[in-house]
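**Student:** The following file, structure-v9.pdb, comprises PDB, C-alpha atoms and all ligand atoms:
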ATOM      1  CA  MET A  26     -12.295  27.671 -14.456
ATOM      2  CA  PRO A  27      -8.943  26.190 -15.486
ATOM      3  CA  VAL A  28      -6.932  25.009 -12.503
ATOM      4  CA  GLU A  29      -3.177  25.581 -12.410
ATOM      5  CA  GLY A  30      -0.715  23.346 -10.657
ATOM      6  CA  VAL A  31      -2.781  20.168 -10.793
ATOM      7  CA  ARG A  32      -0.995  17.059  -9.575
ATOM      8  CA  ILE A  33      -2.054  13.767 -11.075
ATOM      9  CA  GLY A  34      -1.522  10.469  -9.293
ATOM     10  CA  LEU A  35      -2.041   7.008 -10.760
ATOM     11  CA  ASP A  36      -2.040   3.675  -8.976
ATOM     12  CA  VAL A  37      -1.274   1.081 -11.624
ATOM     13  CA  GLY A  38      -2.386  -2.329 -10.383
ATOM     14  CA  GLY A  39      -2.543  -5.760 -11.942
ATOM     15  CA  THR A  40      -6.206  -5.341 -12.885
ATOM     16  CA  LYS A  41      -6.966  -1.619 -12.738
ATOM     17  CA  ILE A  42      -5.488   1.847 -12.896
ATOM     18  CA  ALA A  43      -6.998   4.147 -10.251
ATOM     19  CA  GLY A  44      -6.213   7.834 -10.438
ATOM     20  CA  VAL A  45      -6.791  11.153  -8.712
ATOM     21  CA  ALA A  46      -6.128  14.779  -9.573
ATOM     22  CA  LEU A  47      -5.161  17.029  -6.673
ATOM     23  CA  ALA A  48      -5.587  20.797  -6.572
ATOM     24  CA  PRO A  49      -2.603  22.752  -5.206
ATOM     25  CA  ASP A  50      -4.204  22.703  -1.723
ATOM     26  CA  GLY A  51      -4.353  18.894  -1.793
ATOM     27  CA  GLU A  52      -8.061  18.573  -2.439
ATOM     28  CA  ILE A  53      -9.128  15.706  -4.725
ATOM     29  CA  ILE A  54     -10.794  17.365  -7.727
ATOM     30  CA  ALA A  55     -11.101  14.378 -10.054
ATOM     31  CA  ARG A  56     -10.983  10.589  -9.944
ATOM     32  CA  THR A  57     -10.777   7.900 -12.585
ATOM     33  CA  ARG A  58     -10.592   4.134 -12.879
ATOM     34  CA  ARG A  59      -9.952   1.875 -15.851
ATOM     35  CA  ALA A  60      -8.712  -1.615 -16.653
ATOM     36  CA  THR A  61      -4.943  -2.098 -16.903
ATOM     37  CA  GLY A  62      -3.669  -3.448 -20.208
ATOM     38  CA  TRP A  63      -1.126  -6.251 -20.456
ATOM     39  CA  GLY A  64       2.433  -5.492 -21.543
ATOM     40  CA  ALA A  65       4.554  -2.362 -21.867
ATOM     41  CA  VAL A  66       2.709  -0.641 -24.720
ATOM     42  CA  ALA A  67      -0.733  -1.159 -23.151
ATOM     43  CA  VAL A  68       0.485  -0.051 -19.700
ATOM     44  CA  ILE A  69       1.879   3.229 -21.067
ATOM     45  CA  ARG A  70      -1.293   3.816 -23.094
ATOM     46  CA  GLY A  71      -3.455   3.211 -20.009
ATOM     47  CA  ILE A  72      -1.370   5.617 -17.929
ATOM     48  CA  ALA A  73      -1.521   8.322 -20.607
ATOM     49  CA  GLU A  74      -5.276   7.963 -21.109
ATOM     50  CA  ALA A  75      -5.990   7.993 -17.378
ATOM     51  CA  ALA A  76      -3.844  11.113 -16.953
ATOM     52  CA  GLN A  77      -5.570  12.852 -19.868
ATOM     53  CA  ASP A  78      -8.981  11.934 -18.461
ATOM     54  CA  LEU A  79      -8.052  13.421 -15.064
ATOM     55  CA  ALA A  80      -6.582  16.572 -16.620
ATOM     56  CA  ALA A  81      -9.760  17.085 -18.646
ATOM     57  CA  GLN A  82     -12.004  16.542 -15.602
ATOM     58  CA  ALA A  83      -9.880  18.981 -13.600
ATOM     59  CA  GLY A  84      -9.992  21.566 -16.369
ATOM     60  CA  ALA A  85      -6.205  21.568 -16.667
ATOM     61  CA  ALA A  86      -4.912  22.332 -20.138
ATOM     62  CA  ALA A  87      -1.586  21.049 -21.454
ATOM     63  CA  GLY A  88       1.223  22.757 -19.604
ATOM     64  CA  GLN A  89      -0.905  23.242 -16.475
ATOM     65  CA  ILE A  90      -0.176  19.798 -15.077
ATOM     66  CA  ARG A  91       2.421  20.246 -12.371
ATOM     67  CA  SER A  92       3.343  16.597 -12.195
ATOM     68  CA  ILE A  93       2.196  13.086 -12.959
ATOM     69  CA  GLY A  94       3.043  10.426 -10.394
ATOM     70  CA  VAL A  95       2.828   6.723 -11.056
ATOM     71  CA  GLY A  96       2.736   4.069  -8.329
ATOM     72  CA  ILE A  97       3.442   0.683  -9.877
ATOM     73  CA  PRO A  98       4.179  -2.799  -8.504
ATOM     74  CA  GLY A  99       7.695  -4.035  -9.124
ATOM     75  CA  LEU A 100      11.235  -2.928  -8.543
ATOM     76  CA  VAL A 101      11.371   0.814  -9.233
ATOM     77  CA  ASP A 102      14.410   2.935  -9.993
ATOM     78  CA  ALA A 103      12.835   6.244  -8.972
ATOM     79  CA  ASP A 104      15.719   8.363 -10.321
ATOM     80  CA  ALA A 105      15.439   6.813 -13.790
ATOM     81  CA  GLY A 106      11.639   6.518 -13.692
ATOM     82  CA  ARG A 107      12.020   2.844 -14.587
ATOM     83  CA  VAL A 108      10.163  -0.232 -13.364
ATOM     84  CA  LEU A 109      11.624  -3.737 -13.490
ATOM     85  CA  HIS A 110       9.970  -7.136 -13.003
ATOM     86  CA  ALA A 111       6.373  -5.887 -12.891
ATOM     87  CA  VAL A 112       5.251  -9.458 -13.508
ATOM     88  CA  ASN A 113       1.554  -8.718 -12.833
ATOM     89  CA  LEU A 114       1.614  -6.217 -15.707
ATOM     90  CA  GLY A 115       3.575  -8.300 -18.199
ATOM     91  CA  VAL A 116       6.449  -5.825 -17.953
ATOM     92  CA  GLU A 117      10.090  -6.836 -17.604
ATOM     93  CA  SER A 118      11.644  -3.369 -17.904
ATOM     94  CA  LEU A 119       9.890  -0.121 -18.758
ATOM     95  CA  ASP A 120      11.000   3.515 -18.724
ATOM     96  CA  VAL A 121       7.660   4.811 -17.474
ATOM     97  CA  GLY A 122       8.891   8.267 -16.466
ATOM     98  CA  PRO A 123      10.622   9.256 -19.726
ATOM     99  CA  GLN A 124       7.826   7.827 -21.898
ATOM    100  CA  VAL A 125       4.992   9.528 -20.003
ATOM    101  CA  ARG A 126       6.945  12.780 -19.888
ATOM    102  CA  ALA A 127       7.408  12.674 -23.671
ATOM    103  CA  LEU A 128       3.739  11.852 -24.330
ATOM    104  CA  LEU A 129       2.154  14.385 -21.977
ATOM    105  CA  ASN A 130       4.796  17.068 -21.654
ATOM    106  CA  ALA A 131       4.717  17.034 -17.849
ATOM    107  CA  PRO A 132       7.200  15.893 -15.197
ATOM    108  CA  CYS A 133       6.603  12.251 -14.298
ATOM    109  CA  HIS A 134       7.699  10.560 -11.070
ATOM    110  CA  VAL A 135       7.580   6.797 -10.644
ATOM    111  CA  GLU A 136       7.523   4.863  -7.383
ATOM    112  CA  ASN A 137       6.779   1.372  -6.142
ATOM    113  CA  ASP A 138       3.040   1.194  -5.385
ATOM    114  CA  VAL A 139       3.410   0.294  -1.713
ATOM    115  CA  LYS A 140       5.906   3.101  -1.137
ATOM    116  CA  ALA A 141       3.580   5.533  -2.941
ATOM    117  CA  ALA A 142       0.696   4.367  -0.752
ATOM    118  CA  ALA A 143       2.842   5.006   2.326
ATOM    119  CA  LEU A 144       3.331   8.589   1.212
ATOM    120  CA  GLY A 145      -0.417   8.925   0.628
ATOM    121  CA  ALA A 146      -1.263   7.432   4.023
ATOM    122  CA  ALA A 147       1.166   9.816   5.733
ATOM    123  CA  ALA A 148      -0.382  12.781   3.923
ATOM    124  CA  LEU A 149      -3.844  11.605   4.874
ATOM    125  CA  HIS A 150      -3.088  12.378   8.507
ATOM    126  CA  GLY A 151      -0.396  14.994   8.089
ATOM    127  CA  ASP A 152       1.845  12.594  10.021
ATOM    128  CA  ARG A 153       4.998  14.270  11.300
ATOM    129  CA  GLU A 154       6.259  11.293  13.263
ATOM    130  CA  PRO A 155       7.765   8.312  11.431
ATOM    131  CA  MET A 156       4.933   6.136  10.112
ATOM    132  CA  ALA A 157       4.538   2.947   8.120
ATOM    133  CA  TYR A 158       2.005   1.707   5.638
ATOM    134  CA  LEU A 159       1.627  -2.071   5.785
ATOM    135  CA  ASN A 160       0.175  -3.574   2.631
ATOM    136  CA  ILE A 161      -1.518  -6.918   3.137
ATOM    137  CA  GLY A 162      -2.452  -8.088  -0.334
ATOM    138  CA  THR A 163      -1.338 -11.090  -2.329
ATOM    139  CA  GLY A 164       2.045 -10.389  -0.753
ATOM    140  CA  VAL A 165       3.087  -8.411   2.318
ATOM    141  CA  ALA A 166       5.304  -5.331   2.329
ATOM    142  CA  ALA A 167       5.546  -2.006   4.096
ATOM    143  CA  GLY A 168       6.483   1.506   3.089
ATOM    144  CA  ILE A 169       8.112   3.743   5.682
ATOM    145  CA  VAL A 170       7.797   7.535   5.703
ATOM    146  CA  ILE A 171      10.149   9.661   7.784
ATOM    147  CA  ASP A 172      10.010  13.458   7.768
ATOM    148  CA  GLY A 173       7.474  13.327   4.942
ATOM    149  CA  ARG A 174       9.765  11.284   2.698
ATOM    150  CA  ILE A 175       9.854   7.649   1.706
ATOM    151  CA  TRP A 176      12.635   5.811   3.513
ATOM    152  CA  ARG A 177      14.225   3.380   1.060
ATOM    153  CA  GLY A 178      17.304   2.319   2.971
ATOM    154  CA  ALA A 179      20.695   1.727   1.384
ATOM    155  CA  ARG A 180      19.500  -0.644  -1.365
ATOM    156  CA  GLY A 181      15.746  -0.118  -1.437
ATOM    157  CA  THR A 182      14.910  -3.034   0.844
ATOM    158  CA  ALA A 183      13.531  -1.019   3.773
ATOM    159  CA  GLY A 184      10.039  -2.184   4.707
ATOM    160  CA  GLU A 185      10.251  -5.702   3.249
ATOM    161  CA  VAL A 186       8.888  -7.101   6.501
ATOM    162  CA  GLY A 187       6.903  -9.772   4.648
ATOM    163  CA  HIS A 188      10.086 -11.820   4.444
ATOM    164  CA  LEU A 189      11.033 -11.727   8.096
ATOM    165  CA  VAL A 190      11.011 -15.314   9.324
ATOM    166  CA  VAL A 191       8.800 -15.822  12.387
ATOM    167  CA  ASP A 192       8.285 -19.589  12.118
ATOM    168  CA  PRO A 193      11.472 -21.337  10.875
ATOM    169  CA  GLY A 194       9.656 -24.673  10.460
ATOM    170  CA  GLY A 195       6.710 -23.058   8.710
ATOM    171  CA  ARG A 196       5.397 -23.038   5.172
ATOM    172  CA  LEU A 197       7.700 -22.388   2.217
ATOM    173  CA  CYS A 198       7.650 -18.784   0.979
ATOM    174  CA  GLY A 199       8.052 -17.629  -2.616
ATOM    175  CA  CYS A 200      11.351 -16.044  -1.532
ATOM    176  CA  GLY A 201      12.828 -19.454  -0.653
ATOM    177  CA  GLN A 202      12.719 -19.115   3.125
ATOM    178  CA  ARG A 203      10.300 -20.903   5.442
ATOM    179  CA  GLY A 204       7.811 -19.289   7.799
ATOM    180  CA  CYS A 205       8.070 -15.709   6.535
ATOM    181  CA  ILE A 206       5.423 -13.290   7.790
ATOM    182  CA  GLU A 207       4.025 -13.387   4.252
ATOM    183  CA  THR A 208       3.349 -17.141   4.561
ATOM    184  CA  LEU A 209       1.090 -16.363   7.528
ATOM    185  CA  CYS A 210      -0.872 -13.354   6.296
ATOM    186  CA  GLY A 211      -0.263 -12.880   2.557
ATOM    187  CA  GLY A 212      -3.385 -13.542   0.494
ATOM    188  CA  GLY A 213      -1.451 -15.676  -2.001
ATOM    189  CA  ALA A 214       0.044 -17.845   0.741
ATOM    190  CA  ILE A 215      -3.316 -18.245   2.477
ATOM    191  CA  ALA A 216      -4.901 -19.305  -0.830
ATOM    192  CA  ARG A 217      -2.133 -21.898  -1.361
ATOM    193  CA  ALA A 218      -2.433 -23.242   2.187
ATOM    194  CA  TRP A 219      -6.239 -23.431   1.899
ATOM    195  CA  ALA A 220      -5.876 -25.128  -1.514
ATOM    196  CA  ARG A 221      -9.586 -25.289  -2.280
ATOM    197  CA  GLY A 222      -9.746 -22.759  -5.092
ATOM    198  CA  GLY A 223     -12.508 -20.178  -5.080
ATOM    199  CA  ALA A 224     -12.426 -16.538  -6.117
ATOM    200  CA  PHE A 225     -12.081 -15.214  -2.518
ATOM    201  CA  PRO A 226     -10.087 -17.788  -0.558
ATOM    202  CA  VAL A 227      -9.364 -15.548   2.444
ATOM    203  CA  ARG A 228     -13.059 -14.839   2.863
ATOM    204  CA  ASP A 229     -13.763 -18.573   2.486
ATOM    205  CA  VAL A 230     -11.217 -19.292   5.230
ATOM    206  CA  LEU A 231     -12.930 -16.795   7.550
ATOM    207  CA  ASP A 232     -16.354 -18.281   6.767
ATOM    208  CA  ALA A 233     -15.106 -21.813   7.444
ATOM    209  CA  ALA A 234     -13.407 -20.667  10.656
ATOM    210  CA  ASP A 235     -16.665 -19.081  11.806
ATOM    211  CA  ALA A 236     -18.321 -22.441  11.107
ATOM    212  CA  GLY A 237     -15.786 -24.099  13.411
ATOM    213  CA  GLU A 238     -13.514 -25.832  10.913
ATOM    214  CA  GLU A 239     -10.155 -26.418  12.594
ATOM    215  CA  ALA A 240      -7.884 -25.999   9.558
ATOM    216  CA  ALA A 241      -9.551 -22.672   8.807
ATOM    217  CA  ILE A 242      -9.308 -21.506  12.419
ATOM    218  CA  ALA A 243      -5.562 -22.222  12.308
ATOM    219  CA  LEU A 244      -5.186 -20.165   9.125
ATOM    220  CA  ARG A 245      -7.237 -17.339  10.617
ATOM    221  CA  ASP A 246      -5.044 -17.356  13.720
ATOM    222  CA  ASP A 247      -1.940 -17.347  11.489
ATOM    223  CA  LEU A 248      -3.277 -14.335   9.620
ATOM    224  CA  ALA A 249      -3.690 -12.262  12.781
ATOM    225  CA  ARG A 250      -0.354 -13.524  14.127
ATOM    226  CA  GLY A 251       1.409 -12.562  10.871
ATOM    227  CA  VAL A 252       0.039  -9.022  10.842
ATOM    228  CA  SER A 253       0.905  -8.688  14.525
ATOM    229  CA  ALA A 254       4.488  -9.771  13.802
ATOM    230  CA  ALA A 255       4.778  -7.235  10.966
ATOM    231  CA  VAL A 256       3.510  -4.404  13.165
ATOM    232  CA  ARG A 257       5.902  -5.431  15.932
ATOM    233  CA  ALA A 258       8.841  -5.498  13.488
ATOM    234  CA  LEU A 259       8.025  -2.015  12.177
ATOM    235  CA  VAL A 260       7.689  -0.521  15.654
ATOM    236  CA  LEU A 261      10.797  -2.246  17.018
ATOM    237  CA  SER A 262      13.003  -1.354  14.037
ATOM    238  CA  VAL A 263      11.793   2.162  13.172
ATOM    239  CA  ASP A 264       9.554   3.083  16.142
ATOM    240  CA  VAL A 265       6.813   4.236  13.805
ATOM    241  CA  GLU A 266       4.080   6.111  15.634
ATOM    242  CA  ARG A 267       1.399   4.662  13.399
ATOM    243  CA  VAL A 268       1.033   1.599  11.186
ATOM    244  CA  VAL A 269      -1.663   2.161   8.587
ATOM    245  CA  ILE A 270      -2.822  -1.175   7.196
ATOM    246  CA  GLY A 271      -4.128  -1.336   3.643
ATOM    247  CA  GLY A 272      -4.320  -3.702   0.686
ATOM    248  CA  GLY A 273      -6.801  -6.335  -0.383
ATOM    249  CA  LEU A 274      -7.251  -7.646   3.140
ATOM    250  CA  THR A 275      -9.009  -4.442   4.181
ATOM    251  CA  ALA A 276     -12.081  -5.601   2.251
ATOM    252  CA  LEU A 277     -12.507  -7.948   5.230
ATOM    253  CA  ALA A 278     -11.484  -5.363   7.819
ATOM    254  CA  ASP A 279     -14.531  -5.647  10.054
ATOM    255  CA  ARG A 280     -13.902  -9.361  10.510
ATOM    256  CA  ILE A 281     -10.138  -9.185  10.846
ATOM    257  CA  GLU A 282      -9.350  -5.981  12.715
ATOM    258  CA  PRO A 283     -10.536  -7.186  16.149
ATOM    259  CA  ARG A 284      -8.419 -10.342  15.727
ATOM    260  CA  ILE A 285      -5.331  -8.355  14.755
ATOM    261  CA  ARG A 286      -5.730  -6.125  17.818
ATOM    262  CA  GLN A 287      -6.246  -9.189  20.006
ATOM    263  CA  ALA A 288      -3.134 -10.850  18.532
ATOM    264  CA  LEU A 289      -1.119  -7.712  19.283
ATOM    265  CA  ARG A 290      -2.329  -7.773  22.890
ATOM    266  CA  ASP A 291      -1.825 -11.545  23.239
ATOM    267  CA  ASP A 292       1.692 -11.389  21.817
ATOM    268  CA  ALA A 293       2.526  -8.650  24.328
ATOM    269  CA  ALA A 294       0.757 -10.257  27.280
ATOM    270  CA  GLU A 295       3.851 -11.914  28.742
ATOM    271  CA  SER A 296       6.148  -8.977  28.042
ATOM    272  CA  PRO A 297       5.926  -5.763  30.043
ATOM    273  CA  PHE A 298       8.322  -4.311  27.461
ATOM    274  CA  LEU A 299       6.084  -5.059  24.455
ATOM    275  CA  LEU A 300       3.015  -4.063  26.443
ATOM    276  CA  SER A 301       4.574  -0.668  27.145
ATOM    277  CA  LEU A 302       4.870  -0.033  23.403
ATOM    278  CA  GLY A 303       1.087   0.141  22.975
ATOM    279  CA  LEU A 304       1.228  -1.762  19.686
ATOM    280  CA  ASP A 305      -2.533  -2.257  19.379
ATOM    281  CA  GLU A 306      -3.060   1.496  19.705
ATOM    282  CA  ARG A 307      -0.710   2.264  16.809
ATOM    283  CA  ILE A 308      -2.569   0.454  14.049
ATOM    284  CA  GLU A 309      -5.319   1.671  11.799
ATOM    285  CA  LEU A 310      -7.032  -0.179   8.953
ATOM    286  CA  LEU A 311      -7.891   1.850   5.874
ATOM    287  CA  PRO A 312     -11.309   1.626   4.272
ATOM    288  CA  ALA A 313     -11.035  -0.680   1.251
ATOM    289  CA  SER A 314     -11.917   2.138  -1.159
ATOM    290  CA  SER A 315      -9.274   4.555   0.164
ATOM    291  CA  PRO A 316      -7.199   5.843  -2.772
ATOM    292  CA  VAL A 317      -3.984   6.269  -0.749
ATOM    293  CA  SER A 318      -1.716   4.864  -3.435
ATOM    294  CA  ALA A 319      -2.986   7.267  -6.110
ATOM    295  CA  ILE A 320      -2.837  10.177  -3.639
ATOM    296  CA  GLY A 321       0.719   9.243  -2.701
ATOM    297  CA  ALA A 322       1.652   9.003  -6.380
ATOM    298  CA  ALA A 323       0.224  12.491  -6.921
ATOM    299  CA  LEU A 324       2.445  13.764  -4.106
ATOM    300  CA  LEU A 325       5.664  12.257  -5.479
ATOM    301  CA  GLY A 326       8.123  15.052  -5.913
ATOM    302  CA  ALA A 327       6.059  17.375  -3.682
ATOM    303  CA  ASP A 328       7.041  18.274  -0.159
ATOM    304  CA  VAL A 329       4.420  16.391   1.833
ATOM    305  CA  ALA A 330       5.335  18.322   4.949
ATOM    306  CA  GLN A 331       3.816  21.405   3.280
ATOM    307  CA  HIS A 332       0.460  19.706   2.873
ATOM    308  CA  THR A 333      -2.346  19.984   5.332
ATOM    309  CA  PRO A 334      -4.070  16.776   6.375
ATOM    310  CA  LEU A 335      -6.164  15.446   3.518
ATOM    311  CA  GLU A 336      -8.567  13.503   5.688
ATOM    312  CA  LYS A 337     -11.610  15.690   5.127
ATOM    313  CA  GLU A 338     -11.153  15.628   1.365
ATOM    314  CA  ILE A 339     -10.808  11.856   1.332
ATOM    315  CA  ILE A 340     -14.009  11.478   3.308
ATOM    316  CA  ALA A 341     -15.832  14.035   1.193
ATOM    317  CA  HIS A 342     -14.867  12.286  -2.007
ATOM    318  CA  GLY A 343     -15.121   8.765  -0.572
TER     319      GLY A 343
HETATM  320 ZN    ZN A 401       9.614 -14.873   2.215
END
So that I can check it, write out the structure of this file as structure tokens.
**Tutor:**
Amino acid sequence: MPVEGVRIGLDVGGTKIAGVALAPDGEIIARTRRATGWGAVAVIRGIAEAAQDLAAQAGAAAGQIRSIGVGIPGLVDADAGRVLHAVNLGVESLDVGPQVRALLNAPCHVENDVKAAALGAAALHGDREPMAYLNIGTGVAAGIVIDGRIWRGARGTAGEVGHLVVDPGGRLCGCGQRGCIETLCGGGAIARAWARGGAFPVRDVLDAADAGEEAAIALRDDLARGVSAAVRALVLSVDVERVVIGGGLTALADRIEPRIRQALRDDAAESPFLLSLGLDERIELLPASSPVSAIGAALLGADVAQHTPLEKEIIAHG
């Protein structure tokens, strides 16, 4: 049976493109995953092939795709459908929207990957209250969703909590400041501070901390403290009802989540004001396999408020 009104969402990452196709009711009817190519031509080809794969799986013929959404790391001009400085993809400037539209004859919306994931995380729960998605990956950034829409702020900087300074004498951040939240809990910063190589430095830090090594325990404490500071900043500045935490760190969620909750309680222990905010009750860590960024990309241009919670579909399709 051909399906009309299919929405396709693609999460274009540094190593892989993950995609979903959503039926008009929001159900995930197809998924795909492929390696990301390097450079503008390869990135566009990968996006087009992933979208065609999803359309074929969903039984959607040309002209039946309602929209294609692309979440991509970098600075995104959503109106122009353009991404700038996507350094992990070998892309300096690329008109993703116009090129995909021309290739596949369907509307194409482009958004920063963390902002797209925020939209997906909000849809997951049918959140009506302001919410934030906090991405703890190589770097640290948040996407904020208010009334079902991504809140960009005046110049697109809203949610850049990774570069709030919490330790002015702390480690140097890639942004040029010292002691940013990202220097405490960003995977790249932890790997640099650990400085022992290895394919999974954050996991190595946790293992060494469990074994009682002091330097590792300090880094593990920093990690929890950094996430706690980011959650606090999001609640104090936007009063988000929920902070959904995703990104590479969630692969270690079972080891880290209790420490993050404890850090939130510890940081509030001396402050009746902070304690009253119930910070530790507002967070939720996503399962590592959750395709929120692709789902959010699929919902770009749609009115999320019209969608029912997608939770049961996500669980059903794992
Ligand atoms: Zn910084």
**Student:** When the PyMOL selection byres (((chain A and resi 78-85) around 8) and not hetatm) is applied to the file above, which residues end up in the set, as a PyMOL selection string?
**Tutor:** chain A and resi 26-29+31+33+44-46+54-57+74-77+86-87+89-90
**Student:** Translate the PyMOL selection byres (((not hetatm)) within 6 of (chain A and resi 401)) into a concrete residue list for this structure, as a list in words.
**Tutor:**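 Expected selection for the PyMOL selection byres (((not hetatm)) within 6 of (chain A and resi 401)) here is His188, Cys198, Gly199, Cys200, Gln202 and Cys205 of chain A.
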**Student:** Hey, what's within 10 Å of Asn130 in chain A if we count all atoms listed in the file and toss same-chain stuff fewer than 4 positions away? As an NGL selection string, please?
**Tutor:** :A and (87-90 or 92-93 or 123-126)
**Student:** Please identify all polymer residues within 7 Å of Ala319 in chain A, counting all atoms listed in the file, omitting same-chain residues fewer than 3 positions from it, and present them as a list in words.
**Tutor:**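 My reading of the contact set: Gly34, Leu35, Asp36, Ala43, Gly44, Val45, Gly96, Pro316, Ala322 and Ala323 of chain A.
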**Student:** Find the distance between CA of Ile175 in chain A and CA of Ala60 in chain A and write it in Å to one decimal.
**Tutor:**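 Rounded to one decimal, the two atoms are 27.7 Å apart.
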**Student:** Using all atoms listed in the file, can you tell me which of A:Arg107, A:Arg290, A:Arg307, A:Arg228 comes closest to Asp264 in chain A?
**Tutor:**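 That would be A:Arg307, the residue with the smallest distance to Asp264 in chain A.
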**Student:** If we count all atoms listed in the file, what is near Val260 in chain A at a cut-off of 10 Å, once residues fewer than 4 positions away on the same chain are taken out, given as a compact mmCIF listing (two decimals) with C-alpha atoms, keeping the file's coordinate frame?
**Tutor:**
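out-v3.txt, freshly written:
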# COMPACT_ATOMS: atom_id res chain seq x y z
CA PRO A 155 7.76 8.31 11.43
CA MET A 156 4.93 6.14 10.11
CA ALA A 157 4.54 2.95 8.12
CA ALA A 254 4.49 -9.77 13.80
CA ALA A 255 4.78 -7.24 10.97
CA VAL A 256 3.51 -4.40 13.16
CA ASP A 264 9.55 3.08 16.14
CA VAL A 265 6.81 4.24 13.80
CA GLU A 266 4.08 6.11 15.63
CA ARG A 267 1.40 4.66 13.40
CA VAL A 268 1.03 1.60 11.19
CA LEU A 302 4.87 -0.03 23.40
CA GLY A 303 1.09 0.14 22.98
CA LEU A 304 1.23 -1.76 19.69
CA ARG A 307 -0.71 2.26 16.81
**Student:** Please provide as number ranges by chain all residues within 8 Å of Glu136 in chain A, with the sequence filter that same-chain residues fewer than 3 positions apart are discarded (counting all atoms listed in the file).
**Tutor:** A: 94-97, 101-103, 106, 140-141, 322, 325
**Student:** Expressed in Å to a single decimal, how great is the separation between CA of Ile320 in chain A and CA of His150 in chain A?
**Tutor:**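 Distance between the two atoms: 12.3 Å.
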**Student:** If the PyMOL selection byres (((chain A and resi 172) around 10) and not hetatm) is run on the structure shown, which residues does it catch, given as a list of chain:residue names?
**Tutor:** A:Ala147, A:Asp152, A:Arg153, A:Glu154, A:Pro155, A:Met156, A:Val170, A:Ile171, A:Gly173, A:Arg174, A:Ile175, A:Trp176, A:Asp328, A:Val329, A:Ala330
**Student:** Grab the CA of Ser296 in chain A to CA of Val186 in chain A distance for me, in Å with one decimal place.
**Tutor:**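 One can read the CA of Ser296 in chain A to CA of Val186 in chain A distance as 21.8 Å.
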**Student:** Can you tell me, as a list of chain:residue names, what residues are no more than 9 Å from Val68 in chain A when counting all atoms listed in the file, ignoring any on the same chain fewer than 3 positions away?
**Tutor:**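 Result of the neighbour search: A:Val37, A:Thr61, A:Gly62, A:Trp63, A:Gly64, A:Ala65, A:Gly71, A:Ile72, A:Ala73, A:Leu114, A:Gly115, A:Val116, A:Val121.
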**Student:** Could you write out the selected residues, including C-alpha atoms, as a JSON list (two decimals), keeping the file's coordinate frame?
**Tutor:**
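Once everything was written out, this is result23.json:
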[["chain", "number", "residue", "atom", "x", "y", "z"],
["A", 37, "VAL", "CA", -1.27, 1.08, -11.62],
["A", 61, "THR", "CA", -4.94, -2.10, -16.90],
["A", 62, "GLY", "CA", -3.67, -3.45, -20.21],
["A", 63, "TRP", "CA", -1.13, -6.25, -20.46],
["A", 64, "GLY", "CA", 2.43, -5.49, -21.54],
["A", 65, "ALA", "CA", 4.55, -2.36, -21.87],
["A", 71, "GLY", "CA", -3.46, 3.21, -20.01],
["A", 72, "ILE", "CA", -1.37, 5.62, -17.93],
["A", 73, "ALA", "CA", -1.52, 8.32, -20.61],
["A", 114, "LEU", "CA", 1.61, -6.22, -15.71],
["A", 115, "GLY", "CA", 3.58, -8.30, -18.20],
["A", 116, "VAL", "CA", 6.45, -5.82, -17.95],
["A", 121, "VAL", "CA", 7.66, 4.81, -17.47]]
**Student:** Calculated over only C-alpha atoms, which of the candidates A:Ser118, A:Ser318, A:Ser253, A:Ser301 has the smallest distance to Gln287 in chain A?
**Tutor:** A:Ser253
**Student:** Using all atoms of range 136-144 of chain A that appear in the file, construct an axis-aligned enclosing box with 5 Å of padding on every side and provide its centre coordinates and edge lengths in Å, rounded to one decimal, as JSON.
**Tutor:**
{"center_x": 4.1, "center_y": 4.4, "center_z": -2.5, "size_x": 16.8, "size_y": 18.3, "size_z": 19.7}
